[in-house]
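Structure file run00.txt (compact mmCIF, C-alpha atoms) is printed below.
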```
# COMPACT_ATOMS: atom_id res chain seq x y z
CA MET A 220 4.58 -33.88 -7.99
CA GLU A 221 7.98 -32.29 -8.69
CA THR A 222 9.68 -29.73 -6.44
CA CYS A 223 12.67 -27.45 -6.76
CA ILE A 224 14.23 -24.66 -4.75
CA ILE A 225 15.88 -21.66 -6.40
CA ASN A 226 17.41 -18.50 -5.03
CA SER A 227 15.83 -15.15 -5.88
CA PRO A 228 16.53 -11.56 -4.86
CA LEU A 229 13.82 -12.02 -2.21
CA GLY A 230 15.00 -15.33 -0.79
CA PHE A 231 14.76 -19.02 -1.41
CA THR A 232 11.78 -19.92 -3.57
CA LYS A 233 10.04 -23.28 -3.71
CA ILE A 234 8.29 -24.32 -6.93
CA VAL A 235 5.91 -27.29 -7.04
CA GLY A 236 4.17 -28.71 -10.09
CA ASP A 237 3.85 -31.49 -12.61
CA GLU A 238 2.73 -32.04 -16.20
CA ASP A 239 -0.67 -30.55 -15.26
CA GLY A 240 0.92 -27.22 -14.36
CA ILE A 241 2.51 -25.20 -11.60
CA VAL A 242 0.71 -25.79 -8.30
CA SER A 243 2.62 -23.39 -6.08
CA VAL A 244 5.46 -20.90 -5.94
CA THR A 245 6.31 -19.80 -2.41
CA VAL A 246 9.04 -17.73 -0.83
CA LEU A 247 10.69 -19.41 2.14
CA ASN A 248 11.75 -17.69 5.32
CA SER A 249 14.66 -20.02 5.92
CA GLU A 250 17.76 -20.97 4.01
CA GLU A 251 17.31 -24.11 1.93
CA LYS A 252 19.48 -26.22 -0.33
CA ILE A 253 19.17 -25.02 -3.92
CA THR A 254 18.11 -27.74 -6.34
CA ASP A 255 20.99 -28.95 -8.50
CA ILE A 256 18.88 -30.37 -11.32
CA ILE A 257 15.58 -28.67 -12.13
CA PRO A 258 12.81 -31.14 -13.05
CA VAL A 259 11.78 -30.68 -16.68
CA GLU A 260 8.18 -29.86 -15.62
CA LEU A 261 9.49 -26.84 -13.67
CA GLU A 262 12.20 -25.57 -16.03
CA GLU A 263 10.05 -23.01 -17.83
CA CYS A 264 8.80 -21.59 -14.53
CA VAL A 265 12.39 -21.16 -13.30
CA ILE A 266 13.37 -19.47 -16.58
CA GLN A 267 10.42 -17.07 -16.47
CA LEU A 268 10.93 -16.19 -12.78
CA ASN A 269 14.60 -15.43 -13.47
CA GLU A 270 13.60 -13.24 -16.44
CA TYR A 271 11.11 -11.41 -14.20
CA PHE A 272 13.78 -10.69 -11.59
CA GLU A 273 16.24 -9.61 -14.31
CA GLY A 274 13.62 -7.13 -15.56
CA SER A 275 13.15 -8.70 -19.00
CA ARG A 276 9.71 -10.29 -18.34
CA ASN A 277 6.52 -8.63 -17.16
CA VAL A 278 3.95 -11.27 -18.17
CA PHE A 279 4.12 -14.95 -17.28
CA ASP A 280 3.09 -17.60 -19.79
CA LEU A 281 2.88 -20.81 -17.78
CA LYS A 282 0.42 -23.64 -17.36
CA LEU A 283 -0.96 -23.10 -13.86
CA ASN A 284 -2.80 -25.56 -11.63
CA PRO A 285 -3.48 -23.85 -8.29
CA GLN A 286 -5.51 -25.85 -5.79
CA GLY A 287 -8.34 -23.85 -4.24
CA THR A 288 -12.08 -23.37 -4.00
CA ASP A 289 -14.08 -22.11 -6.96
CA PHE A 290 -14.22 -18.67 -5.34
CA GLN A 291 -10.47 -18.59 -4.68
CA ASN A 292 -9.74 -19.61 -8.27
CA LYS A 293 -12.07 -16.85 -9.49
CA VAL A 294 -10.16 -14.28 -7.41
CA TRP A 295 -6.79 -15.62 -8.55
CA ARG A 296 -7.85 -15.43 -12.22
CA GLN A 297 -8.88 -11.81 -11.66
CA LEU A 298 -5.51 -11.04 -10.06
CA GLU A 299 -3.83 -12.17 -13.28
CA GLN A 300 -5.61 -9.29 -15.06
CA ILE A 301 -3.79 -6.61 -13.04
CA PRO A 302 -1.15 -5.20 -15.40
CA TYR A 303 2.54 -5.17 -14.54
CA GLY A 304 3.48 -1.94 -12.80
CA LYS A 305 -0.12 -1.18 -11.74
CA THR A 306 -1.95 -1.60 -8.44
CA ILE A 307 -5.58 -1.81 -7.42
CA SER A 308 -7.30 -1.80 -4.05
CA TYR A 309 -9.12 -4.69 -2.43
CA LEU A 310 -12.32 -2.67 -2.91
CA GLU A 311 -11.66 -2.29 -6.65
CA LEU A 312 -10.92 -6.00 -6.91
CA SER A 313 -14.20 -6.82 -5.15
CA LYS A 314 -16.07 -4.53 -7.55
CA GLN A 315 -14.43 -6.23 -10.55
CA LEU A 316 -15.60 -9.56 -9.18
CA GLY A 317 -19.15 -8.19 -8.96
CA ASP A 318 -19.70 -7.98 -5.20
CA VAL A 319 -18.37 -5.02 -3.23
CA LYS A 320 -19.61 -6.68 -0.02
CA ALA A 321 -17.26 -9.62 -0.58
CA ILE A 322 -14.17 -7.51 0.19
CA ARG A 323 -13.12 -9.64 3.19
CA ALA A 324 -13.58 -12.89 1.29
CA VAL A 325 -11.62 -11.42 -1.63
CA ALA A 326 -8.82 -10.30 0.70
CA ASN A 327 -8.78 -13.77 2.30
CA ALA A 328 -8.55 -15.49 -1.11
CA ASN A 329 -5.83 -13.04 -2.12
CA GLY A 330 -3.86 -14.02 0.98
CA LYS A 331 -4.14 -17.71 0.12
CA ASN A 332 -2.75 -17.26 -3.40
CA PRO A 333 -0.33 -20.19 -3.87
CA LEU A 334 1.44 -18.72 -6.91
CA TRP A 335 3.71 -15.99 -5.54
CA ILE A 336 4.57 -13.33 -8.15
CA ILE A 337 3.07 -15.32 -11.05
CA VAL A 338 -0.45 -14.50 -9.83
CA PRO A 339 0.32 -10.95 -8.72
CA CYS A 340 -1.41 -10.60 -5.36
CA HIS A 341 1.33 -8.10 -4.43
CA ARG A 342 -0.38 -5.60 -6.74
CA VAL A 343 -3.39 -5.30 -4.42
CA ILE A 344 -3.12 -2.50 -1.87
CA GLY A 345 -5.35 -0.73 0.64
CA SER A 346 -7.87 1.87 -0.57
CA ASP A 347 -5.69 4.55 1.05
CA GLY A 348 -2.63 3.35 -0.89
CA SER A 349 -1.12 1.51 2.07
CA LEU A 350 0.78 -1.74 1.71
CA THR A 351 -1.62 -3.97 3.59
CA GLY A 352 -0.90 -7.57 4.57
CA TYR A 353 1.22 -9.80 2.39
CA ALA A 354 1.98 -13.44 3.11
CA GLY A 355 5.58 -13.02 1.94
CA GLY A 356 6.13 -10.02 4.21
CA LEU A 357 5.56 -6.34 3.53
CA HIS A 358 9.26 -5.78 2.73
CA ARG A 359 8.90 -8.22 -0.19
CA LYS A 360 5.67 -6.60 -1.37
CA GLN A 361 7.37 -3.20 -1.36
CA TRP A 362 10.37 -4.62 -3.24
CA LEU A 363 8.10 -6.18 -5.90
CA LEU A 364 6.11 -2.98 -6.41
CA GLU A 365 9.32 -0.94 -6.69
CA HIS A 366 10.77 -3.54 -9.09
CA GLU A 367 7.70 -3.18 -11.32
CA SER A 368 7.43 0.58 -11.06
CA PRO A 369 8.10 2.50 -14.27
CA TYR A 370 9.53 5.28 -12.07
CA LYS A 371 12.91 4.19 -10.77
CA GLN A 372 14.27 6.30 -7.96
CA GLN A 373 17.99 6.36 -7.34
CA SER A 374 19.25 6.03 -3.83
CA LEU A 375 20.70 9.20 -2.32
CA PHE A 376 23.21 7.21 -0.26
```
Take the structure in the file and write it out as C-alpha cells.
Amino acid sequence: METCIINSPLGFTKIVGDEDGIVSVTVLNSEEKITDIIPVELEECVIQLNEYFEGSRNVFDLKLNPQGTDFQNKVWRQLEQIPYGKTISYLELSKQLGDVKAIRAVANANGKNPLWIIVPCHRVIGSDGSLTGYAGGLHRKQWLLEHESPYKQQSLF
C-alpha cells in the first residue's frame, strides 16, 4: 500500500492506495511532512485533487477501492451520483437507496466515507438545509460547498 501527503487549501491530505485503486483520502488535523516523490499509483489522484481545488475539475475519474461493508459501499456509490454544486438531504439519500427508515444507518455510512471529496459526502445536508456533522469539520464542509457553488459571493471586506 502506497501513501503520500499533499497540501490542499483545507489542510494536509493523506492519500492511500495501490494498483487496485485509491483506498482512502483523508484530511489531517495536524501539520505533516509533504511527500517529496508521489508514488506512481497515487499520481493521478494528486493531479485530479489539485484540479478540483483549482476549479478546473468537477468530476473525478479514478479507480477506487474503499474498504467497507456492502451497505457502506452501496451508500458511497450513491454519494458519487450527487452532482457537483448540488446538495441532498440524508432523508433524500435514504429514499434513493430504497429505505427511508435507514436514515441513521445511511448517515453513519456517510460519516465513515474514506474518500474525502472524491466521494462527495460533503454534499449531504440536513433536511432543513443545515450543515450537519462532517468528519473533516463543518468549516471544511462549508468551504467545499461554497467552492462548488455556481453562485460566487464576493467578500464585502
Next item on the list: Find the residues around Ser346 in chain A up to 7 Å (only C-alpha atoms counted), leave out those fewer than 2 positions away in its own chain, and share them as a ChimeraX atom specification.
Entry: /A:308-310,344,348
Next item on the list: Work out how far apart CA of Ser275 in chain A and CA of Arg359 in chain A are and give it in Å to one decimal.
Entry: 19.3 Å
Next item on the list: Mind giving me the straight-line distance from CA of Ser349 in chain A to CA of Glu365 in chain A in Å, one decimal?
Entry: 13.8 Å
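Of note, CA of Ile337 in chain A and CA of Lys252 in chain A are spaced 22.4 Å apart.
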Notebook entry, point to check: Of the residues A:Leu316, A:Ile322, A:Val278, A:Ala328, which is the one nearest to Asn292 in chain A, using all atoms listed in the file?
Noted result: A:Ala328
Note to self: Need to verify the contact set: Ala324 in chain A, 12 Å, all atoms listed in the file, exclusion of same-chain residues closer than 6 positions in sequence. Can you return it as a VMD selection string?
What the structure shows: chain A and resid 288 290 to 291 293 to 294 309 to 310 312 to 313 316 318 330 to 331
Checklist line | Residue contacts of Asn277 in chain A (10 Å, all atoms listed in the file) excluding same-chain residues fewer than 2 positions away, as a list in words | finding: Gln267, Leu268, Glu270, Tyr271, Phe272, Gly274, Ser275, Phe279, Asp280, Pro302, Tyr303, Gly304, Ile337 and Glu367 of chain A
Create the file for the chosen residues now, containing C-alpha atoms and written as a PDB file, keeping the file's coordinate frame.
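Final output, saved to out.pdb:
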```
ATOM      1  CA  GLN A 267      10.420 -17.070 -16.470  1.00  0.00           C
ATOM      2  CA  LEU A 268      10.930 -16.190 -12.780  1.00  0.00           C
ATOM      3  CA  GLU A 270      13.600 -13.240 -16.440  1.00  0.00           C
ATOM      4  CA  TYR A 271      11.110 -11.410 -14.200  1.00  0.00           C
ATOM      5  CA  PHE A 272      13.780 -10.690 -11.590  1.00  0.00           C
ATOM      6  CA  GLY A 274      13.620  -7.130 -15.560  1.00  0.00           C
ATOM      7  CA  SER A 275      13.150  -8.700 -19.000  1.00  0.00           C
ATOM      8  CA  PHE A 279       4.120 -14.950 -17.280  1.00  0.00           C
ATOM      9  CA  ASP A 280       3.090 -17.600 -19.790  1.00  0.00           C
ATOM     10  CA  PRO A 302      -1.150  -5.200 -15.400  1.00  0.00           C
ATOM     11  CA  TYR A 303       2.540  -5.170 -14.540  1.00  0.00           C
ATOM     12  CA  GLY A 304       3.480  -1.940 -12.800  1.00  0.00           C
ATOM     13  CA  ILE A 337       3.070 -15.320 -11.050  1.00  0.00           C
ATOM     14  CA  GLU A 367       7.700  -3.180 -11.320  1.00  0.00           C
TER      15      GLU A 367
END
```
Please produce, as CSV, a per-residue contact table for range 325-356 of chain A versus range 360-363 of chain A (criterion: any atom at most 10 Å away, only C-alpha atoms considered), showing the nearest atom pair and its distance in Å to one decimal, sorted by chain then residue number.
```
residue,atom,partner,partner_atom,distance
A:Ile336,CA,A:Leu363,CA,8.3
A:Pro339,CA,A:Leu363,CA,9.6
A:Cys340,CA,A:Lys360,CA,9.1
A:His341,CA,A:Lys360,CA,5.5
A:Arg342,CA,A:Lys360,CA,8.2
A:Val343,CA,A:Lys360,CA,9.6
A:Ile344,CA,A:Lys360,CA,9.7
A:Leu350,CA,A:Gln361,CA,7.4
A:Thr351,CA,A:Lys360,CA,9.2
A:Gly352,CA,A:Lys360,CA,8.9
A:Tyr353,CA,A:Lys360,CA,6.6
A:Ala354,CA,A:Lys360,CA,9.0
A:Gly355,CA,A:Lys360,CA,7.2
A:Gly356,CA,A:Lys360,CA,6.6
```
Notebook entry, point to check: Which residues, protein or nucleic acid, reach to within 7 Å of (7.9, -34.9, -16.5) in the file's coordinates when using all atoms listed in the file, and can you give that as a PyMOL selection string?
Noted result: chain A and resi 237-238+259-260
Item checked: Counting only C-alpha atoms, the option among A:Leu229, A:Val265, A:Ile301, A:Leu334 closest to His358 in chain A -> A:Leu229
Note to self: Residues near Ile257 in chain A, anyone? I mean within 12 Å using all atoms listed in the file, not counting same-chain ones fewer than 6 positions away, as a list in words.
What the structure shows: Glu221, Thr222, Cys223, Ile224, Ile225, Lys233, Ile234, Val235, Gly236, Glu263, Cys264, Val265 and Ile266 of chain A
Check: Which of these residues is nearest to Pro369 in chain A, using all atoms listed in the file: A:Val325, A:Gly345, A:Glu251, A:Lys305?
Finding: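 Comparing A:Val325, A:Gly345, A:Glu251, A:Lys305 against Pro369 in chain A, the winner is A:Lys305.
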Next item on the list: Name the closest residue to Leu261 in chain A among the candidates A:Asp347, A:Asp239, A:Glu311, A:Glu299; distances are taken between atoms, counting only C-alpha atoms.
Entry: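 Comparing A:Asp347, A:Asp239, A:Glu311, A:Glu299 against Leu261 in chain A, the winner is A:Asp239.
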Next item on the list: Using all atoms listed in the file, determine which residues lie at most 8 Å from Pro333 in chain A, disregarding the query and same-chain residues fewer than 5 positions distant; provide the list as an NGL selection string.
Entry: :A and (242-245 or 285-286)
Residues of the last selection are to be written out with C-alpha atoms, as a PDB file, keeping the file's coordinate frame.
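Saved the output as out06.pdb:
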```pdb
ATOM      1  CA  VAL A 242       0.710 -25.790  -8.300  1.00  0.00           C
ATOM      2  CA  SER A 243       2.620 -23.390  -6.080  1.00  0.00           C
ATOM      3  CA  VAL A 244       5.460 -20.900  -5.940  1.00  0.00           C
ATOM      4  CA  THR A 245       6.310 -19.800  -2.410  1.00  0.00           C
ATOM      5  CA  PRO A 285      -3.480 -23.850  -8.290  1.00  0.00           C
ATOM      6  CA  GLN A 286      -5.510 -25.850  -5.790  1.00  0.00           C
TER       7      GLN A 286
END
```
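Distance annotation: of A:Leu364, A:Leu247, A:Ile256, A:Val338, the residue with the minimal separation from Asn284 in chain A is A:Val338; atom set is all atoms listed in the file.
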All heavy atoms are what I want for range 269-280 of chain A; can you complete it accordingly and write them as a PDB file, in the coordinates of the input?
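Final output, result.pdb:
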```
ATOM      1  N   ASN A 269      13.304 -16.099 -13.344  1.00  0.00           N
ATOM      2  CA  ASN A 269      14.600 -15.430 -13.470  1.00  0.00           C
ATOM      3  C   ASN A 269      14.512 -14.231 -14.410  1.00  0.00           C
ATOM      4  O   ASN A 269      15.095 -13.169 -14.138  1.00  0.00           O
ATOM      5  CB  ASN A 269      15.677 -16.415 -13.939  1.00  0.00           C
ATOM      6  CG  ASN A 269      16.127 -17.350 -12.837  1.00  0.00           C
ATOM      7  OD1 ASN A 269      16.110 -16.990 -11.664  1.00  0.00           O
ATOM      8  ND2 ASN A 269      16.516 -18.547 -13.202  1.00  0.00           N
ATOM      9  N   GLU A 270      13.782 -14.366 -15.507  1.00  0.00           N
ATOM     10  CA  GLU A 270      13.600 -13.240 -16.440  1.00  0.00           C
ATOM     11  C   GLU A 270      12.856 -12.096 -15.751  1.00  0.00           C
ATOM     12  O   GLU A 270      13.185 -10.921 -15.949  1.00  0.00           O
ATOM     13  CB  GLU A 270      12.833 -13.703 -17.680  1.00  0.00           C
ATOM     14  CG  GLU A 270      13.630 -14.618 -18.576  1.00  0.00           C
ATOM     15  CD  GLU A 270      12.808 -15.250 -19.692  1.00  0.00           C
ATOM     16  OE1 GLU A 270      11.553 -15.213 -19.647  1.00  0.00           O
ATOM     17  OE2 GLU A 270      13.432 -15.812 -20.607  1.00  0.00           O
ATOM     18  N   TYR A 271      11.856 -12.432 -14.941  1.00  0.00           N
ATOM     19  CA  TYR A 271      11.110 -11.410 -14.200  1.00  0.00           C
ATOM     20  C   TYR A 271      12.064 -10.633 -13.288  1.00  0.00           C
ATOM     21  O   TYR A 271      12.074  -9.405 -13.283  1.00  0.00           O
ATOM     22  CB  TYR A 271       9.990 -12.065 -13.379  1.00  0.00           C
ATOM     23  CG  TYR A 271       9.339 -11.116 -12.400  1.00  0.00           C
ATOM     24  CD1 TYR A 271       8.303 -10.271 -12.800  1.00  0.00           C
ATOM     25  CD2 TYR A 271       9.771 -11.039 -11.082  1.00  0.00           C
ATOM     26  CE1 TYR A 271       7.718  -9.388 -11.902  1.00  0.00           C
ATOM     27  CE2 TYR A 271       9.192 -10.159 -10.185  1.00  0.00           C
ATOM     28  CZ  TYR A 271       8.167  -9.336 -10.596  1.00  0.00           C
ATOM     29  OH  TYR A 271       7.588  -8.448  -9.709  1.00  0.00           O
ATOM     30  N   PHE A 272      12.868 -11.349 -12.520  1.00  0.00           N
ATOM     31  CA  PHE A 272      13.780 -10.690 -11.590  1.00  0.00           C
ATOM     32  C   PHE A 272      14.865  -9.894 -12.317  1.00  0.00           C
ATOM     33  O   PHE A 272      15.334  -8.875 -11.809  1.00  0.00           O
ATOM     34  CB  PHE A 272      14.394 -11.693 -10.620  1.00  0.00           C
ATOM     35  CG  PHE A 272      13.437 -12.134  -9.551  1.00  0.00           C
ATOM     36  CD1 PHE A 272      13.062 -13.463  -9.451  1.00  0.00           C
ATOM     37  CD2 PHE A 272      12.896 -11.229  -8.655  1.00  0.00           C
ATOM     38  CE1 PHE A 272      12.170 -13.871  -8.466  1.00  0.00           C
ATOM     39  CE2 PHE A 272      12.004 -11.625  -7.664  1.00  0.00           C
ATOM     40  CZ  PHE A 272      11.644 -12.946  -7.571  1.00  0.00           C
ATOM     41  N   GLU A 273      15.257 -10.344 -13.515  1.00  0.00           N
ATOM     42  CA  GLU A 273      16.240  -9.610 -14.310  1.00  0.00           C
ATOM     43  C   GLU A 273      15.634  -8.361 -14.953  1.00  0.00           C
ATOM     44  O   GLU A 273      16.353  -7.504 -15.459  1.00  0.00           O
ATOM     45  CB  GLU A 273      16.796 -10.513 -15.419  1.00  0.00           C
ATOM     46  CG  GLU A 273      17.658 -11.641 -14.912  1.00  0.00           C
ATOM     47  CD  GLU A 273      17.901 -12.718 -15.959  1.00  0.00           C
ATOM     48  OE1 GLU A 273      17.420 -12.596 -17.112  1.00  0.00           O
ATOM     49  OE2 GLU A 273      18.559 -13.715 -15.611  1.00  0.00           O
ATOM     50  N   GLY A 274      14.298  -8.277 -14.982  1.00  0.00           N
ATOM     51  CA  GLY A 274      13.620  -7.130 -15.560  1.00  0.00           C
ATOM     52  C   GLY A 274      13.265  -7.289 -17.023  1.00  0.00           C
ATOM     53  O   GLY A 274      12.810  -6.347 -17.665  1.00  0.00           O
ATOM     54  N   SER A 275      13.444  -8.491 -17.584  1.00  0.00           N
ATOM     55  CA  SER A 275      13.150  -8.700 -19.000  1.00  0.00           C
ATOM     56  C   SER A 275      11.784  -9.364 -19.238  1.00  0.00           C
ATOM     57  O   SER A 275      11.415  -9.596 -20.378  1.00  0.00           O
ATOM     58  CB  SER A 275      14.248  -9.529 -19.664  1.00  0.00           C
ATOM     59  OG  SER A 275      14.336 -10.811 -19.073  1.00  0.00           O
ATOM     60  N   ARG A 276      11.040  -9.673 -18.188  1.00  0.00           N
ATOM     61  CA  ARG A 276       9.710 -10.290 -18.340  1.00  0.00           C
ATOM     62  C   ARG A 276       8.727  -9.573 -17.426  1.00  0.00           C
ATOM     63  O   ARG A 276       9.003  -9.350 -16.255  1.00  0.00           O
ATOM     64  CB  ARG A 276       9.751 -11.772 -17.979  1.00  0.00           C
ATOM     65  CG  ARG A 276       8.360 -12.427 -17.963  1.00  0.00           C
ATOM     66  CD  ARG A 276       8.411 -13.921 -17.784  1.00  0.00           C
ATOM     67  NE  ARG A 276       9.024 -14.583 -18.924  1.00  0.00           N
ATOM     68  CZ  ARG A 276       8.386 -14.877 -20.053  1.00  0.00           C
ATOM     69  NH1 ARG A 276       7.117 -14.580 -20.201  1.00  0.00           N
ATOM     70  NH2 ARG A 276       9.030 -15.479 -21.033  1.00  0.00           N
ATOM     71  N   ASN A 277       7.565  -9.215 -17.990  1.00  0.00           N
ATOM     72  CA  ASN A 277       6.520  -8.630 -17.160  1.00  0.00           C
ATOM     73  C   ASN A 277       5.184  -9.346 -17.278  1.00  0.00           C
ATOM     74  O   ASN A 277       4.206  -8.942 -16.656  1.00  0.00           O
ATOM     75  CB  ASN A 277       6.362  -7.116 -17.415  1.00  0.00           C
ATOM     76  CG  ASN A 277       6.094  -6.795 -18.857  1.00  0.00           C
ATOM     77  OD1 ASN A 277       5.584  -7.613 -19.608  1.00  0.00           O
ATOM     78  ND2 ASN A 277       6.446  -5.592 -19.264  1.00  0.00           N
ATOM     79  N   VAL A 278       5.134 -10.413 -18.066  1.00  0.00           N
ATOM     80  CA  VAL A 278       3.950 -11.270 -18.170  1.00  0.00           C
ATOM     81  C   VAL A 278       4.425 -12.714 -18.144  1.00  0.00           C
ATOM     82  O   VAL A 278       5.365 -13.065 -18.859  1.00  0.00           O
ATOM     83  CB  VAL A 278       3.162 -10.995 -19.474  1.00  0.00           C
ATOM     84  CG1 VAL A 278       2.004 -11.963 -19.626  1.00  0.00           C
ATOM     85  CG2 VAL A 278       2.668  -9.559 -19.516  1.00  0.00           C
ATOM     86  N   PHE A 279       3.768 -13.528 -17.340  1.00  0.00           N
ATOM     87  CA  PHE A 279       4.120 -14.950 -17.280  1.00  0.00           C
ATOM     88  C   PHE A 279       3.234 -15.732 -18.237  1.00  0.00           C
ATOM     89  O   PHE A 279       2.057 -15.424 -18.406  1.00  0.00           O
ATOM     90  CB  PHE A 279       3.949 -15.487 -15.855  1.00  0.00           C
ATOM     91  CG  PHE A 279       4.971 -14.940 -14.907  1.00  0.00           C
ATOM     92  CD1 PHE A 279       4.707 -13.820 -14.128  1.00  0.00           C
ATOM     93  CD2 PHE A 279       6.219 -15.527 -14.793  1.00  0.00           C
ATOM     94  CE1 PHE A 279       5.647 -13.301 -13.274  1.00  0.00           C
ATOM     95  CE2 PHE A 279       7.185 -15.018 -13.938  1.00  0.00           C
ATOM     96  CZ  PHE A 279       6.887 -13.900 -13.174  1.00  0.00           C
ATOM     97  N   ASP A 280       3.806 -16.732 -18.860  1.00  0.00           N
ATOM     98  CA  ASP A 280       3.090 -17.600 -19.790  1.00  0.00           C
ATOM     99  C   ASP A 280       3.373 -19.045 -19.377  1.00  0.00           C
ATOM    100  O   ASP A 280       4.232 -19.709 -19.955  1.00  0.00           O
ATOM    101  CB  ASP A 280       3.537 -17.330 -21.219  1.00  0.00           C
ATOM    102  CG  ASP A 280       2.769 -18.158 -22.234  1.00  0.00           C
ATOM    103  OD1 ASP A 280       1.644 -18.598 -21.916  1.00  0.00           O
ATOM    104  OD2 ASP A 280       3.299 -18.376 -23.335  1.00  0.00           O
TER     105      ASP A 280
END
```
